[in-house]
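Before any comments, here is the structure.
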Amino acid sequence: AGEPKLPPQLVVYWGQNSNGAINPGDRSVWEKPLAKYCEDRVADVFVLSFLISFQPMVLNFAYHCETTFPGSSLLNCPDIGADIKACQKLGARVLLSLGGASGSYGFSSDSQGREFAHTLWQTFFVSPVSGSSGTAPLRPFGDAVLDGIDLDIEGGSTVGYVALVSELRTLFATDPSKRYLIAAAPQCPYPDALLQPVLNQAWVDLVMVQFYNNYCGVNHYPAQYNFQTWDTWARTVSINPNVSVLVGVPGGPAAAQSGFVAASTLQTIIADTRQRYPSFGGVMVWEASMAWATGFASQAM
Ligand SMILES: *[C@@H]1O[C@H](CO)[C@@H](O)[C@H](O)[C@H]1NC(C)=O
């Protein structure tokens with residue numbers, strides 16, 4: 001509690017190399033290492049996607065990192081760890097996204113969600129450098145300390161996420177040295193089928209609504225584009241009255257099944273949204289390889 005609203009943020013997902021998936025033979029358009037995007041100083045936040053399984057923890061970063069720790073299913077990604085630190089030095093925040101469209105994940109109880117908050121804290125947060133106790137023996141990003149997490153829960157059940165976020169908040173509060181962020185990425189139809197309980201009952205900083213693949217997307221502006229519904233949620237339901245609601249968009253025509261609009265159109269939509277709705281908190285773009293290929297990231301906001 002007591003957190004001011006963040007200034008409008010440009011948030012970009014990184015790690016799935018979508019452009020490489022549709023251009024497997026042309027490495028020149030594959031997603032670049034994380035730090036390359038940070039060096040452009042266009043985005044405020046990068047979201048590493050994804051942690052696709054919780055028990056055991058399984059990460060997937062496409063071709064960027066493919067080696068696991070011996071005897072473990074956990075990826076060992078020292079290069080991404082170095083890039084996280086480089087990005088933070090350049091002023092960007094880096095979050096880890098849990099879930100995604102194709103993972104298999106979830107909890108069977110609140111206590112499992114709570115316990116997982118400690119696993120995340122020990123694995124991706126508590127710095128081993130300062131000799132802190134309570135850090136995990138296997139850390140995919142070494143001594144890099146993330147800035148928070150994102151929930152992109154598109155499968156499984158609602159069980160455990162409120163407990164997870166509440167417990168993470170408690171753990172974050174033990175380190176006042178920085179402001180940790182919790183983000184969530186619901187689809188635009190309201191209420192979200194899986195994230196609504198955590199949106200309503202837990203303290204979330206950034207709600208990055210996916211305004212694509214749906215009737216309520218930016219491609220249906222103004223008639224069915226439903227930012228107003230999310231703004232009303234932010235002001236009347238959210239327990240964080242300063243929550244930021246972001247306009248989530250595809251970074252290119254092939255980044256989503258539907259919903260891409262050209263940057264010039266998006267700028268009109270953003271200007272209108274910003275002016276009408278006090279909860280407006282920026283733009284989220286799926287994802288880096290697409291957004292940079294089209295030049296979209298630099299024009300989105
Ligand atoms: C909301 O933000 C204001 C400053 O912008 C701050 O004074 C206030 O404490 C915040 N409210 C909560 C509940 O965090």
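Residue numbering restarts at 1 in every chain; chains get A, B, ... in the order shown in the structure tokens, and ligands count up from 1 in that same order.
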
Going by DSSP on the backbone, which residues of segment 108-159 of chain A come out as helix (DSSP H, G or I)? List them as a PyMOL selection string. chain A and resi 110-125

I'd like the contact shell of Ala271 of chain A - 12 Å cut-off, only C-alpha atoms, skipping same-chain residues fewer than 5 positions apart - returned as a VMD selection string. chain A and resid 8 247 264 to 266 276 to 277 280 to 283 300 to 301

Using only C-alpha atoms and all ligand atoms, determine which residues fall within 9 Å of ligand 1, then list them as an NGL selection string. :A and (1-6 or 239-243)

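For the residues A:Thr67, A:Ser258, A:Thr268, A:Ser97, ranking by smallest atom-to-atom distance to Tyr13 of chain A using only C-alpha atoms places A:Ser97 first.
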
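The gap separating atom CA of Lys85 of chain A from atom CA of Ala136 of chain A is 18.5 Å, in Å to one decimal.
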
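If only C-alpha atoms are the atoms counted, then among A:Ala183, A:Gly160, A:Cys38, A:Thr68 the closest residue to Leu95 of chain A is A:Ala183.
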
Please provide as number ranges by chain all residues within 10 Å of Pro250 of chain A, with the sequence filter that same-chain residues fewer than 2 positions apart are discarded (counting only C-alpha atoms). A: 210-213, 218, 248, 252-262, 284-288, 290-291, 296

Expressed in Å to a single decimal, how great is the separation between atom CA of Arg235 of chain A and atom CA of Ser177 of chain A?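 Straight-line distance from atom CA of Arg235 of chain A to atom CA of Ser177 of chain A works out to 28.6 Å.
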
Please identify the strand (DSSP E or B) residues within segment 47-186 of chain A (assignment by DSSP from backbone atoms) and present them as a PyMOL selection string. chain A and resi 47-53+58-59+68+75+93-100+148-153+181-184

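With only C-alpha atoms as the atoms that count, the minimum distance from Ala21 of chain A to the choices A:Tyr63, A:Thr294, A:Thr170, A:Lys36 is reached by A:Tyr63.
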
Would you mind telling me which residue in A:Arg27, A:Arg179, A:Arg139, A:Arg41 lies nearest to Ala92 of chain A when using only C-alpha atoms?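 Smallest separation from Ala92 of chain A among the options: A:Arg41.
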
Within 12 Å of Gly156 of chain A, counting only C-alpha atoms, which residues show up once you throw out same-chain ones fewer than 5 positions away? Write them as a PyMOL selection string, please. chain A and resi 52-54+99-108+161+193-195

Could you save the residues just selected, with all heavy atoms, as a short mmCIF file (atom, residue, chain, number, x, y, z; two decimals), in the first residue's frame?
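Dumped everything to result.cif:
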```
data_model
loop_
_atom_site.label_atom_id
_atom_site.label_comp_id
_atom_site.auth_asym_id
_atom_site.auth_seq_id
_atom_site.Cartn_x
_atom_site.Cartn_y
_atom_site.Cartn_z
N ILE A 52 6.80 -21.71 -18.04
CA ILE A 52 5.65 -22.45 -18.58
C ILE A 52 5.18 -23.59 -17.70
O ILE A 52 4.14 -24.20 -17.98
CB ILE A 52 5.96 -23.01 -20.00
CG1 ILE A 52 7.19 -23.94 -19.97
CG2 ILE A 52 6.16 -21.89 -21.00
CD1 ILE A 52 7.39 -24.73 -21.27
N SER A 53 5.94 -23.94 -16.66
CA SER A 53 5.51 -24.94 -15.68
C SER A 53 6.03 -24.51 -14.32
O SER A 53 7.11 -23.93 -14.23
CB SER A 53 6.05 -26.33 -16.07
OG SER A 53 5.99 -27.22 -14.97
N PHE A 54 5.23 -24.77 -13.27
CA PHE A 54 5.62 -24.33 -11.92
C PHE A 54 6.23 -25.46 -11.10
O PHE A 54 7.12 -25.25 -10.31
CB PHE A 54 4.40 -23.76 -11.17
CG PHE A 54 3.67 -22.65 -11.89
CD1 PHE A 54 2.35 -22.35 -11.57
CD2 PHE A 54 4.29 -21.89 -12.88
CE1 PHE A 54 1.68 -21.32 -12.22
CE2 PHE A 54 3.62 -20.86 -13.54
CZ PHE A 54 2.30 -20.58 -13.20
N GLY A 99 3.24 -18.38 -17.15
CA GLY A 99 2.07 -18.83 -17.90
C GLY A 99 2.30 -18.84 -19.39
O GLY A 99 3.19 -19.52 -19.89
N GLY A 100 1.50 -18.07 -20.12
CA GLY A 100 1.57 -18.06 -21.57
C GLY A 100 0.47 -18.91 -22.17
O GLY A 100 -0.26 -19.62 -21.47
N ALA A 101 0.38 -18.82 -23.51
CA ALA A 101 -0.74 -19.46 -24.20
C ALA A 101 -0.58 -20.97 -24.29
O ALA A 101 -1.55 -21.70 -24.44
CB ALA A 101 -0.90 -18.86 -25.59
N SER A 102 0.65 -21.48 -24.20
CA SER A 102 0.80 -22.91 -24.47
C SER A 102 1.44 -23.71 -23.33
O SER A 102 1.73 -24.88 -23.50
CB SER A 102 1.59 -23.11 -25.76
OG SER A 102 2.83 -22.46 -25.67
N GLY A 103 1.68 -23.11 -22.18
CA GLY A 103 2.26 -23.86 -21.07
C GLY A 103 1.23 -24.73 -20.38
O GLY A 103 0.04 -24.71 -20.70
N SER A 104 1.71 -25.53 -19.43
CA SER A 104 0.81 -26.35 -18.62
C SER A 104 1.19 -26.06 -17.17
O SER A 104 2.25 -26.44 -16.72
CB SER A 104 1.01 -27.82 -18.94
OG SER A 104 0.21 -28.60 -18.09
N TYR A 105 0.32 -25.32 -16.48
CA TYR A 105 0.73 -24.78 -15.19
C TYR A 105 -0.49 -24.56 -14.31
O TYR A 105 -1.62 -24.55 -14.79
CB TYR A 105 1.47 -23.45 -15.40
CG TYR A 105 0.76 -22.51 -16.37
CD1 TYR A 105 -0.32 -21.73 -15.97
CD2 TYR A 105 1.14 -22.44 -17.71
CE1 TYR A 105 -0.98 -20.89 -16.85
CE2 TYR A 105 0.48 -21.61 -18.60
CZ TYR A 105 -0.58 -20.84 -18.16
OH TYR A 105 -1.24 -20.03 -19.03
N GLY A 106 -0.23 -24.36 -13.03
CA GLY A 106 -1.31 -24.06 -12.10
C GLY A 106 -1.02 -24.60 -10.72
O GLY A 106 0.03 -25.20 -10.47
N PHE A 107 -1.97 -24.35 -9.81
CA PHE A 107 -1.86 -24.78 -8.42
C PHE A 107 -3.10 -25.57 -8.05
O PHE A 107 -4.17 -25.36 -8.61
CB PHE A 107 -1.73 -23.56 -7.50
CG PHE A 107 -0.59 -22.65 -7.86
CD1 PHE A 107 -0.83 -21.39 -8.40
CD2 PHE A 107 0.72 -23.06 -7.67
CE1 PHE A 107 0.22 -20.55 -8.74
CE2 PHE A 107 1.78 -22.23 -8.01
CZ PHE A 107 1.53 -20.97 -8.54
N SER A 108 -2.93 -26.47 -7.07
CA SER A 108 -4.11 -27.21 -6.62
C SER A 108 -4.64 -26.66 -5.30
O SER A 108 -5.68 -27.09 -4.83
CB SER A 108 -3.77 -28.70 -6.47
OG SER A 108 -2.65 -28.85 -5.64
N TYR A 161 -3.63 -18.23 -7.18
CA TYR A 161 -2.94 -17.02 -7.64
C TYR A 161 -3.08 -15.85 -6.67
O TYR A 161 -2.15 -15.04 -6.53
CB TYR A 161 -3.40 -16.63 -9.05
CG TYR A 161 -2.95 -17.63 -10.09
CD1 TYR A 161 -3.85 -18.56 -10.63
CD2 TYR A 161 -1.63 -17.70 -10.49
CE1 TYR A 161 -3.43 -19.50 -11.55
CE2 TYR A 161 -1.20 -18.64 -11.42
CZ TYR A 161 -2.11 -19.54 -11.95
OH TYR A 161 -1.68 -20.48 -12.85
N ALA A 193 -11.51 -14.68 -17.58
CA ALA A 193 -11.92 -16.02 -17.15
C ALA A 193 -11.03 -16.56 -16.03
O ALA A 193 -11.51 -17.28 -15.15
CB ALA A 193 -11.89 -16.97 -18.35
N LEU A 194 -9.75 -16.24 -16.04
CA LEU A 194 -8.83 -16.84 -15.06
C LEU A 194 -8.19 -15.83 -14.11
O LEU A 194 -7.88 -16.18 -12.97
CB LEU A 194 -7.73 -17.62 -15.81
CG LEU A 194 -8.25 -18.87 -16.53
CD1 LEU A 194 -7.22 -19.40 -17.51
CD2 LEU A 194 -8.60 -19.96 -15.51
N LEU A 195 -7.97 -14.62 -14.56
CA LEU A 195 -7.23 -13.66 -13.72
C LEU A 195 -8.11 -12.78 -12.85
O LEU A 195 -7.60 -12.07 -11.97
CB LEU A 195 -6.34 -12.78 -14.61
CG LEU A 195 -5.09 -13.46 -15.15
CD1 LEU A 195 -4.43 -12.62 -16.23
CD2 LEU A 195 -4.10 -13.73 -14.01
#
```

Atomic distance atom CA of Leu246 of chain A - atom CA of Arg169 of chain A, expressed in Å with one decimal: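 According to the coordinates, atom CA of Leu246 of chain A and atom CA of Arg169 of chain A are separated by 21.0 Å.
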
Extract, using only C-alpha atoms, all DNA, RNA and protein residues at most 6 Å from Ser279 of chain A, discarding same-chain residues fewer than 2 positions from it, and format them as a ChimeraX atom specification. /A:231,244-245,277

Which one is closest to Val11 of chain A: A:Phe172, A:Pro78, A:Trp230, A:Arg93? Count only C-alpha atoms.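 Under the stated criterion, the closest residue is A:Arg93.
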